[in-house]
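Q: Contents of work_15.tsv (TSV, N, CA and C atoms):
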```
chain	number	residue	atom	x	y	z
A	1	MET	N	89.06	-85.51	-32.65
A	1	MET	CA	87.93	-84.86	-33.26
A	1	MET	C	87.78	-85.28	-34.73
A	2	GLN	N	88.91	-85.37	-35.42
A	2	GLN	CA	88.84	-85.75	-36.84
A	2	GLN	C	88.33	-87.18	-37.01
A	3	ASP	N	88.71	-88.09	-36.11
A	3	ASP	CA	88.19	-89.45	-36.20
A	3	ASP	C	86.67	-89.46	-36.04
A	4	SER	N	86.17	-88.73	-35.07
A	4	SER	CA	84.72	-88.66	-34.85
A	4	SER	C	84.02	-87.99	-36.01
A	5	LEU	N	84.61	-86.94	-36.56
A	5	LEU	CA	84.01	-86.26	-37.71
A	5	LEU	C	83.95	-87.20	-38.91
A	6	ARG	N	85.01	-87.96	-39.13
A	6	ARG	CA	85.02	-88.91	-40.25
A	6	ARG	C	83.91	-89.95	-40.09
A	7	VAL	N	83.70	-90.45	-38.87
A	7	VAL	CA	82.62	-91.41	-38.62
A	7	VAL	C	81.27	-90.77	-38.93
A	8	LEU	N	81.05	-89.56	-38.44
A	8	LEU	CA	79.79	-88.86	-38.69
A	8	LEU	C	79.56	-88.64	-40.18
A	9	LEU	N	80.55	-88.14	-40.88
A	9	LEU	CA	80.41	-87.88	-42.32
A	9	LEU	C	80.15	-89.16	-43.10
A	10	THR	N	80.81	-90.24	-42.72
A	10	THR	CA	80.60	-91.53	-43.38
A	10	THR	C	79.17	-92.03	-43.17
A	11	LEU	N	78.67	-91.91	-41.94
A	11	LEU	CA	77.30	-92.33	-41.66
A	11	LEU	C	76.28	-91.48	-42.41
A	12	LEU	N	76.50	-90.17	-42.45
A	12	LEU	CA	75.58	-89.30	-43.18
A	12	LEU	C	75.59	-89.60	-44.67
A	13	GLU	N	76.78	-89.79	-45.22
A	13	GLU	CA	76.88	-90.10	-46.65
A	13	GLU	C	76.22	-91.44	-46.98
A	14	LYS	N	76.40	-92.41	-46.11
A	14	LYS	CA	75.78	-93.71	-46.32
A	14	LYS	C	74.26	-93.60	-46.25
A	15	GLU	N	73.75	-92.83	-45.29
A	15	GLU	CA	72.30	-92.70	-45.11
A	15	GLU	C	71.64	-91.91	-46.23
A	16	TYR	N	72.27	-90.82	-46.68
A	16	TYR	CA	71.63	-89.92	-47.64
A	16	TYR	C	72.13	-90.06	-49.07
A	17	GLY	N	73.23	-90.76	-49.26
A	17	GLY	CA	73.72	-90.98	-50.61
A	17	GLY	C	74.44	-89.80	-51.23
A	18	VAL	N	74.78	-88.79	-50.45
A	18	VAL	CA	75.54	-87.63	-50.93
A	18	VAL	C	76.54	-87.21	-49.86
A	19	LYS	N	77.59	-86.54	-50.29
A	19	LYS	CA	78.56	-86.01	-49.33
A	19	LYS	C	77.95	-84.82	-48.60
A	20	PRO	N	78.00	-84.82	-47.27
A	20	PRO	CA	77.48	-83.66	-46.54
A	20	PRO	C	78.38	-82.44	-46.75
A	21	ILE	N	77.79	-81.27	-46.58
A	21	ILE	CA	78.55	-80.02	-46.62
A	21	ILE	C	79.05	-79.74	-45.21
A	22	ILE	N	80.33	-79.40	-45.09
A	22	ILE	CA	80.90	-79.04	-43.79
A	22	ILE	C	80.81	-77.53	-43.62
A	23	TYR	N	80.20	-77.09	-42.50
A	23	TYR	CA	80.09	-75.66	-42.21
A	23	TYR	C	81.01	-75.32	-41.05
A	24	GLY	N	81.68	-74.20	-41.17
A	24	GLY	CA	82.51	-73.69	-40.08
A	24	GLY	C	83.04	-72.33	-40.43
A	25	THR	N	83.61	-71.66	-39.43
A	25	THR	CA	84.29	-70.40	-39.72
A	25	THR	C	85.58	-70.73	-40.47
A	26	ASN	N	86.16	-69.75	-41.10
A	26	ASN	CA	87.41	-69.98	-41.83
A	26	ASN	C	88.48	-70.51	-40.89
A	27	LYS	N	88.59	-69.90	-39.72
A	27	LYS	CA	89.61	-70.33	-38.74
A	27	LYS	C	89.34	-71.74	-38.23
A	28	SER	N	88.09	-72.02	-37.82
A	28	SER	CA	87.81	-73.34	-37.26
A	28	SER	C	88.00	-74.44	-38.31
A	29	TYR	N	87.61	-74.16	-39.56
A	29	TYR	CA	87.80	-75.16	-40.61
A	29	TYR	C	89.29	-75.45	-40.79
A	30	ASN	N	90.10	-74.40	-40.90
A	30	ASN	CA	91.54	-74.60	-41.10
A	30	ASN	C	92.20	-75.25	-39.89
A	31	ASP	N	91.74	-74.91	-38.68
A	31	ASP	CA	92.33	-75.48	-37.46
A	31	ASP	C	91.97	-76.96	-37.28
A	32	PHE	N	90.75	-77.35	-37.64
A	32	PHE	CA	90.27	-78.69	-37.28
A	32	PHE	C	90.02	-79.63	-38.47
A	33	CYS	N	89.82	-79.08	-39.66
A	33	CYS	CA	89.39	-79.94	-40.78
A	33	CYS	C	90.38	-79.99	-41.94
A	34	ALA	N	90.99	-78.88	-42.27
A	34	ALA	CA	91.86	-78.81	-43.45
A	34	ALA	C	93.20	-79.45	-43.16
A	35	PRO	N	93.81	-80.05	-44.13
A	35	PRO	CA	93.31	-80.37	-45.46
A	35	PRO	C	92.63	-81.74	-45.54
A	36	GLU	N	92.53	-82.45	-44.40
A	36	GLU	CA	92.02	-83.83	-44.41
A	36	GLU	C	90.61	-83.98	-44.96
A	37	PHE	N	89.77	-82.94	-44.83
A	37	PHE	CA	88.38	-83.03	-45.26
A	37	PHE	C	88.08	-82.14	-46.46
A	38	ASN	N	89.11	-81.73	-47.17
A	38	ASN	CA	88.92	-80.82	-48.30
A	38	ASN	C	88.21	-81.45	-49.49
A	39	ASP	N	87.98	-82.76	-49.45
A	39	ASP	CA	87.23	-83.39	-50.54
A	39	ASP	C	85.72	-83.27	-50.31
A	40	TYR	N	85.30	-82.68	-49.20
A	40	TYR	CA	83.89	-82.40	-48.93
A	40	TYR	C	83.58	-80.97	-49.33
A	41	PRO	N	82.33	-80.71	-49.75
A	41	PRO	CA	81.95	-79.31	-50.01
A	41	PRO	C	82.07	-78.51	-48.71
A	42	MET	N	82.54	-77.27	-48.82
A	42	MET	CA	82.76	-76.42	-47.65
A	42	MET	C	81.88	-75.19	-47.69
A	43	TYR	N	81.19	-74.93	-46.59
A	43	TYR	CA	80.37	-73.74	-46.40
A	43	TYR	C	81.08	-72.96	-45.30
A	44	ILE	N	81.81	-71.92	-45.68
A	44	ILE	CA	82.70	-71.22	-44.75
A	44	ILE	C	82.15	-69.85	-44.38
A	45	GLY	N	82.04	-69.60	-43.08
A	45	GLY	CA	81.64	-68.30	-42.58
A	45	GLY	C	82.86	-67.43	-42.34
A	46	ARG	N	82.92	-66.31	-43.04
A	46	ARG	CA	83.99	-65.33	-42.83
A	46	ARG	C	83.42	-63.98	-43.23
A	47	TYR	N	83.02	-63.20	-42.22
A	47	TYR	CA	82.38	-61.91	-42.49
A	47	TYR	C	83.40	-60.88	-42.93
A	48	GLY	N	83.00	-60.08	-43.89
A	48	GLY	CA	83.87	-59.02	-44.40
A	48	GLY	C	84.18	-59.21	-45.88
A	49	ASP	N	85.18	-58.46	-46.33
A	49	ASP	CA	85.53	-58.48	-47.75
A	49	ASP	C	86.58	-59.52	-48.12
A	50	ASN	N	87.27	-60.07	-47.11
A	50	ASN	CA	88.33	-61.04	-47.39
A	50	ASN	C	87.74	-62.43	-47.58
A	51	LYS	N	87.92	-62.98	-48.78
A	51	LYS	CA	87.40	-64.31	-49.09
A	51	LYS	C	88.09	-65.35	-48.22
A	52	PRO	N	87.38	-66.44	-47.91
A	52	PRO	CA	88.01	-67.51	-47.14
A	52	PRO	C	89.17	-68.14	-47.91
A	53	VAL	N	90.19	-68.51	-47.19
A	53	VAL	CA	91.32	-69.23	-47.76
A	53	VAL	C	91.44	-70.53	-46.97
A	54	VAL	N	91.42	-71.63	-47.69
A	54	VAL	CA	91.44	-72.95	-47.07
A	54	VAL	C	92.81	-73.57	-47.25
A	55	LYS	N	93.34	-74.17	-46.17
A	55	LYS	CA	94.62	-74.88	-46.27
A	55	LYS	C	94.50	-76.04	-47.23
A	56	GLY	N	95.51	-76.24	-48.04
A	56	GLY	CA	95.52	-77.37	-48.96
A	56	GLY	C	95.02	-76.99	-50.34
A	57	PRO	N	94.99	-77.97	-51.22
A	57	PRO	CA	94.64	-77.72	-52.63
A	57	PRO	C	93.12	-77.75	-52.86
A	58	SER	N	92.41	-76.82	-52.27
A	58	SER	CA	90.96	-76.78	-52.43
A	58	SER	C	90.46	-75.38	-52.13
A	59	HIS	N	89.15	-75.19	-52.23
A	59	HIS	CA	88.56	-73.90	-51.88
A	59	HIS	C	87.13	-74.10	-51.41
A	60	TYR	N	86.56	-73.07	-50.82
A	60	TYR	CA	85.19	-73.14	-50.31
A	60	TYR	C	84.22	-73.36	-51.45
A	61	THR	N	83.06	-73.89	-51.12
A	61	THR	CA	81.94	-74.00	-52.07
A	61	THR	C	81.04	-72.79	-51.90
A	62	VAL	N	80.68	-72.49	-50.63
A	62	VAL	CA	79.83	-71.35	-50.30
A	62	VAL	C	80.54	-70.51	-49.25
A	63	TRP	N	80.50	-69.19	-49.44
A	63	TRP	CA	81.10	-68.24	-48.51
A	63	TRP	C	79.98	-67.42	-47.88
A	64	GLN	N	79.83	-67.53	-46.56
A	64	GLN	CA	78.89	-66.70	-45.80
A	64	GLN	C	79.65	-65.44	-45.40
A	65	TYR	N	79.38	-64.33	-46.09
A	65	TYR	CA	80.20	-63.14	-45.93
A	65	TYR	C	79.58	-62.03	-45.08
A	66	SER	N	78.32	-62.15	-44.71
A	66	SER	CA	77.68	-61.12	-43.88
A	66	SER	C	76.50	-61.71	-43.13
A	67	GLU	N	76.19	-61.10	-42.00
A	67	GLU	CA	75.00	-61.47	-41.24
A	67	GLU	C	74.01	-60.31	-41.21
A	68	LYS	N	74.21	-59.33	-42.08
A	68	LYS	CA	73.41	-58.10	-42.05
A	68	LYS	C	72.57	-57.89	-43.31
A	69	GLY	N	72.17	-58.97	-43.97
A	69	GLY	CA	71.35	-58.85	-45.17
A	69	GLY	C	69.92	-58.46	-44.85
A	70	LYS	N	69.28	-57.83	-45.79
A	70	LYS	CA	67.88	-57.40	-45.65
A	70	LYS	C	67.05	-58.07	-46.74
A	71	ILE	N	65.93	-58.66	-46.34
A	71	ILE	CA	64.99	-59.24	-47.29
A	71	ILE	C	63.60	-58.73	-46.93
A	72	LYS	N	62.92	-58.18	-47.91
A	72	LYS	CA	61.58	-57.66	-47.70
A	72	LYS	C	60.68	-58.76	-47.11
A	73	GLY	N	59.99	-58.42	-46.02
A	73	GLY	CA	59.10	-59.38	-45.38
A	73	GLY	C	59.74	-60.12	-44.23
A	74	ILE	N	61.05	-60.05	-44.08
A	74	ILE	CA	61.74	-60.66	-42.95
A	74	ILE	C	62.24	-59.53	-42.06
A	75	PRO	N	61.71	-59.42	-40.83
A	75	PRO	CA	62.04	-58.26	-39.99
A	75	PRO	C	63.47	-58.21	-39.47
A	76	LYS	N	64.13	-59.36	-39.37
A	76	LYS	CA	65.49	-59.40	-38.83
A	76	LYS	C	66.51	-59.51	-39.96
A	77	ASP	N	67.75	-59.18	-39.63
A	77	ASP	CA	68.84	-59.36	-40.59
A	77	ASP	C	69.00	-60.84	-40.92
A	78	VAL	N	69.47	-61.12	-42.13
A	78	VAL	CA	69.71	-62.49	-42.57
A	78	VAL	C	71.16	-62.63	-43.03
A	79	ASP	N	71.63	-63.87	-43.07
A	79	ASP	CA	72.98	-64.14	-43.57
A	79	ASP	C	73.02	-63.97	-45.08
A	80	LEU	N	74.14	-63.49	-45.58
A	80	LEU	CA	74.36	-63.37	-47.02
A	80	LEU	C	75.51	-64.29	-47.41
A	81	CYS	N	75.32	-65.01	-48.51
A	81	CYS	CA	76.30	-65.99	-48.95
A	81	CYS	C	76.49	-65.88	-50.45
A	82	ARG	N	77.63	-66.37	-50.91
A	82	ARG	CA	77.87	-66.47	-52.35
A	82	ARG	C	78.71	-67.71	-52.62
A	83	PHE	N	78.57	-68.20	-53.84
A	83	PHE	CA	79.35	-69.36	-54.26
A	83	PHE	C	80.75	-68.94	-54.65
A	84	HIS	N	81.68	-69.88	-54.56
A	84	HIS	CA	83.01	-69.69	-55.12
A	84	HIS	C	82.83	-69.48	-56.63
A	85	PRO	N	83.67	-68.67	-57.29
A	85	PRO	CA	83.51	-68.45	-58.73
A	85	PRO	C	83.50	-69.73	-59.57
A	86	ASP	N	84.14	-70.79	-59.08
A	86	ASP	CA	84.16	-72.06	-59.82
A	86	ASP	C	82.97	-72.97	-59.49
A	87	LYS	N	82.08	-72.53	-58.59
A	87	LYS	CA	80.96	-73.36	-58.16
A	87	LYS	C	79.65	-72.61	-58.38
A	88	GLY	N	78.55	-73.33	-58.33
A	88	GLY	CA	77.23	-72.73	-58.45
A	88	GLY	C	76.18	-73.64	-57.88
A	89	ILE	N	74.96	-73.18	-57.89
A	89	ILE	CA	73.86	-73.95	-57.33
A	89	ILE	C	73.73	-75.32	-58.01
A	90	GLU	N	74.10	-75.38	-59.28
A	90	GLU	CA	74.00	-76.65	-60.00
A	90	GLU	C	74.88	-77.72	-59.37
A	91	ASP	N	76.04	-77.33	-58.83
A	91	ASP	CA	76.93	-78.29	-58.19
A	91	ASP	C	76.26	-78.96	-57.00
A	92	ILE	N	75.47	-78.19	-56.26
A	92	ILE	CA	74.76	-78.75	-55.11
A	92	ILE	C	73.54	-79.53	-55.57
A	93	LEU	N	72.78	-78.97	-56.51
A	93	LEU	CA	71.57	-79.64	-56.98
A	93	LEU	C	71.87	-80.99	-57.59
A	94	LEU	N	72.97	-81.11	-58.32
A	94	LEU	CA	73.31	-82.37	-58.96
A	94	LEU	C	73.61	-83.47	-57.95
A	95	SER	N	74.05	-83.08	-56.75
A	95	SER	CA	74.39	-84.08	-55.75
A	95	SER	C	73.21	-84.46	-54.86
A	96	LEU	N	72.10	-83.71	-54.92
A	96	LEU	CA	70.96	-83.99	-54.05
A	96	LEU	C	70.08	-85.09	-54.62
A	97	PRO	N	69.58	-85.96	-53.74
A	97	PRO	CA	68.62	-86.95	-54.23
A	97	PRO	C	67.32	-86.24	-54.60
A	98	GLN	N	66.81	-86.51	-55.77
A	98	GLN	CA	65.58	-85.86	-56.24
A	98	GLN	C	64.37	-86.70	-55.85
A	99	LYS	N	63.21	-86.08	-55.86
A	99	LYS	CA	61.97	-86.75	-55.45
A	99	LYS	C	61.67	-87.93	-56.38
A	100	GLN	N	61.51	-89.09	-55.76
A	100	GLN	CA	61.15	-90.30	-56.49
A	100	GLN	C	60.09	-91.02	-55.69
A	101	SER	N	59.26	-91.75	-56.35
A	101	SER	CA	58.21	-92.49	-55.67
A	101	SER	C	58.82	-93.45	-54.66
A	102	GLY	N	58.38	-93.35	-53.43
A	102	GLY	CA	58.85	-94.25	-52.38
A	102	GLY	C	60.18	-93.89	-51.76
A	103	ALA	N	60.86	-92.86	-52.25
A	103	ALA	CA	62.15	-92.48	-51.69
A	103	ALA	C	61.95	-91.93	-50.28
A	104	LYS	N	62.78	-92.36	-49.33
A	104	LYS	CA	62.61	-91.86	-47.97
A	104	LYS	C	63.35	-90.54	-47.74
A	105	HIS	N	64.37	-90.23	-48.53
A	105	HIS	CA	65.10	-88.97	-48.41
A	105	HIS	C	65.15	-88.32	-49.78
A	106	TYR	N	64.77	-87.08	-49.86
A	106	TYR	CA	64.90	-86.34	-51.11
A	106	TYR	C	64.73	-84.85	-50.84
A	107	VAL	N	65.07	-84.07	-51.83
A	107	VAL	CA	64.87	-82.63	-51.77
A	107	VAL	C	64.07	-82.23	-53.00
A	108	GLU	N	62.95	-81.57	-52.76
A	108	GLU	CA	62.16	-81.05	-53.87
A	108	GLU	C	62.59	-79.61	-54.10
A	109	VAL	N	62.87	-79.26	-55.34
A	109	VAL	CA	63.35	-77.93	-55.68
A	109	VAL	C	62.26	-77.21	-56.47
A	110	VAL	N	61.88	-76.03	-55.97
A	110	VAL	CA	60.83	-75.23	-56.60
A	110	VAL	C	61.41	-73.86	-56.94
A	111	GLN	N	61.23	-73.43	-58.18
A	111	GLN	CA	61.72	-72.12	-58.63
A	111	GLN	C	60.56	-71.13	-58.59
A	112	CYS	N	60.72	-70.03	-57.84
A	112	CYS	CA	59.71	-68.97	-57.74
A	112	CYS	C	60.38	-67.66	-58.13
A	113	ASP	N	60.13	-67.20	-59.35
A	113	ASP	CA	60.81	-66.01	-59.88
A	113	ASP	C	62.32	-66.21	-59.76
A	114	SER	N	63.01	-65.31	-59.05
A	114	SER	CA	64.46	-65.44	-58.92
A	114	SER	C	64.86	-66.16	-57.64
A	115	LEU	N	63.90	-66.75	-56.94
A	115	LEU	CA	64.15	-67.43	-55.68
A	115	LEU	C	64.03	-68.94	-55.88
A	116	THR	N	65.00	-69.69	-55.37
A	116	THR	CA	64.93	-71.14	-55.41
A	116	THR	C	64.62	-71.63	-54.00
A	117	VAL	N	63.58	-72.46	-53.86
A	117	VAL	CA	63.17	-72.98	-52.57
A	117	VAL	C	63.44	-74.47	-52.55
A	118	TYR	N	64.06	-74.95	-51.46
A	118	TYR	CA	64.39	-76.35	-51.29
A	118	TYR	C	63.54	-76.91	-50.16
A	119	TYR	N	62.77	-77.94	-50.47
A	119	TYR	CA	61.94	-78.60	-49.47
A	119	TYR	C	62.54	-79.96	-49.16
A	120	PRO	N	63.29	-80.07	-48.05
A	120	PRO	CA	63.87	-81.37	-47.73
A	120	PRO	C	62.82	-82.29	-47.12
A	121	ASN	N	62.91	-83.56	-47.45
A	121	ASN	CA	62.08	-84.58	-46.84
A	121	ASN	C	63.02	-85.65	-46.31
A	122	PHE	N	63.53	-85.42	-45.11
A	122	PHE	CA	64.46	-86.35	-44.49
A	122	PHE	C	63.87	-86.89	-43.21
A	123	THR	N	64.13	-88.14	-42.93
A	123	THR	CA	63.68	-88.74	-41.68
A	123	THR	C	64.75	-88.50	-40.62
A	124	ARG	N	64.43	-88.89	-39.40
A	124	ARG	CA	65.36	-88.74	-38.29
A	124	ARG	C	66.64	-89.52	-38.58
A	125	ILE	N	67.77	-88.97	-38.15
A	125	ILE	CA	69.06	-89.63	-38.35
A	125	ILE	C	69.43	-90.38	-37.06
A	126	ASP	N	69.66	-91.68	-37.16
A	126	ASP	CA	70.16	-92.45	-36.03
A	126	ASP	C	71.63	-92.73	-36.28
A	127	LEU	N	72.48	-92.25	-35.37
A	127	LEU	CA	73.92	-92.46	-35.52
A	127	LEU	C	74.34	-93.55	-34.52
A	128	VAL	N	74.56	-94.73	-35.04
A	128	VAL	CA	74.92	-95.87	-34.21
A	128	VAL	C	76.16	-96.52	-34.79
A	129	THR	N	77.16	-96.68	-33.95
A	129	THR	CA	78.36	-97.41	-34.37
A	129	THR	C	78.62	-98.53	-33.37
A	130	GLU	N	79.34	-99.54	-33.81
A	130	GLU	CA	79.62	-100.66	-32.94
A	130	GLU	C	80.90	-100.45	-32.12
A	131	LYS	N	81.70	-99.45	-32.49
A	131	LYS	CA	82.89	-99.17	-31.69
A	131	LYS	C	83.17	-97.68	-31.73
A	132	MET	N	83.82	-97.23	-30.71
A	132	MET	CA	84.18	-95.82	-30.63
A	132	MET	C	85.33	-95.54	-31.59
A	133	PRO	N	85.38	-94.31	-32.17
A	133	PRO	CA	86.51	-93.96	-33.03
A	133	PRO	C	87.82	-93.98	-32.24
A	134	ASP	N	88.91	-94.27	-32.93
A	134	ASP	CA	90.23	-94.25	-32.28
A	134	ASP	C	90.63	-92.84	-31.91
```
Would you mind giving the structure from this file in structure tokens?

A:
Amino acid sequence: MQDSLRVLLTLLEKEYGVKPIIYGTNKSYNDFCAPEFNDYPMYIGRYGDNKPVVKGPSHYTVWQYSEKGKIKGIPKDVDLCRFHPDKGIEDILLSLPQKQSGAKHYVEVVQCDSLTVYYPNFTRIDLVTEKMPD
């Protein structure tokens, strides 16, 4: 699984020019990814008051701590997330390709009061390799 994940992450990084964020539950990340992939940003789902703990010398970037958030105008519950104290939205924004004339992949960032909206403009991803991972 790790060989295949490394191939996928390498292809995504090559195509988009940024390291992808790895999402998983705290347990699944530690079981399948840590510590080999700790150099990638981590979006860890762990509901409750206990912060995610990642194996190895690293920590999560974003912690999804609840699925019961309320937002006016959205009838269903939404996920609630927070950044690690050492990270912030700027860490993600700095790594995103910004809108440029002729760019095929970019994210436009629009600030509306206290809400930040991200408009991705990405084309279809074709994952093609010449050999299967070991």

Q: Between atom CA of Asp91 of chain A and atom CA of Met1 of chain A, what distance in Å does the model show, to one decimal?

A: 28.0 Å

Q: Interatomic distance between atom C of Arg6 of chain A and atom CA of Lys87 of chain A?

A: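 Value for the atom C of Arg6 of chain A-atom CA of Lys87 of chain A distance: 24.7 Å.
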
Q: How many Å lie between atom CA of Phe32 of chain A and atom CA of Tyr118 of chain A, rounded to one decimal?

A: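 These two atoms are separated by 29.5 Å.
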
Q: Taking into account only C-alpha atoms, which residue in the set A:Gln111, A:Ser66, A:Ser95, A:Thr25 is nearest to Gly45 of chain A?

A: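 Checking each candidate against Gly45 of chain A, we get A:Thr25 as the closest.
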
Q: So that I can see what lies close to Pro41 of chain A, please list as a PyMOL selection string the residues with an atom at most 7 Å from it, counting only N, CA and C atoms and leaving out residues fewer than 6 positions away in the same chain.

A: chain A and resi 19-23+60-62

Q: With distances taken over only C-alpha atoms, which of A:Lys76, A:Lys14, A:Arg82, A:His59 is nearest to Phe37 of chain A?

A: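 Smallest distance to Phe37 of chain A is found for A:His59.
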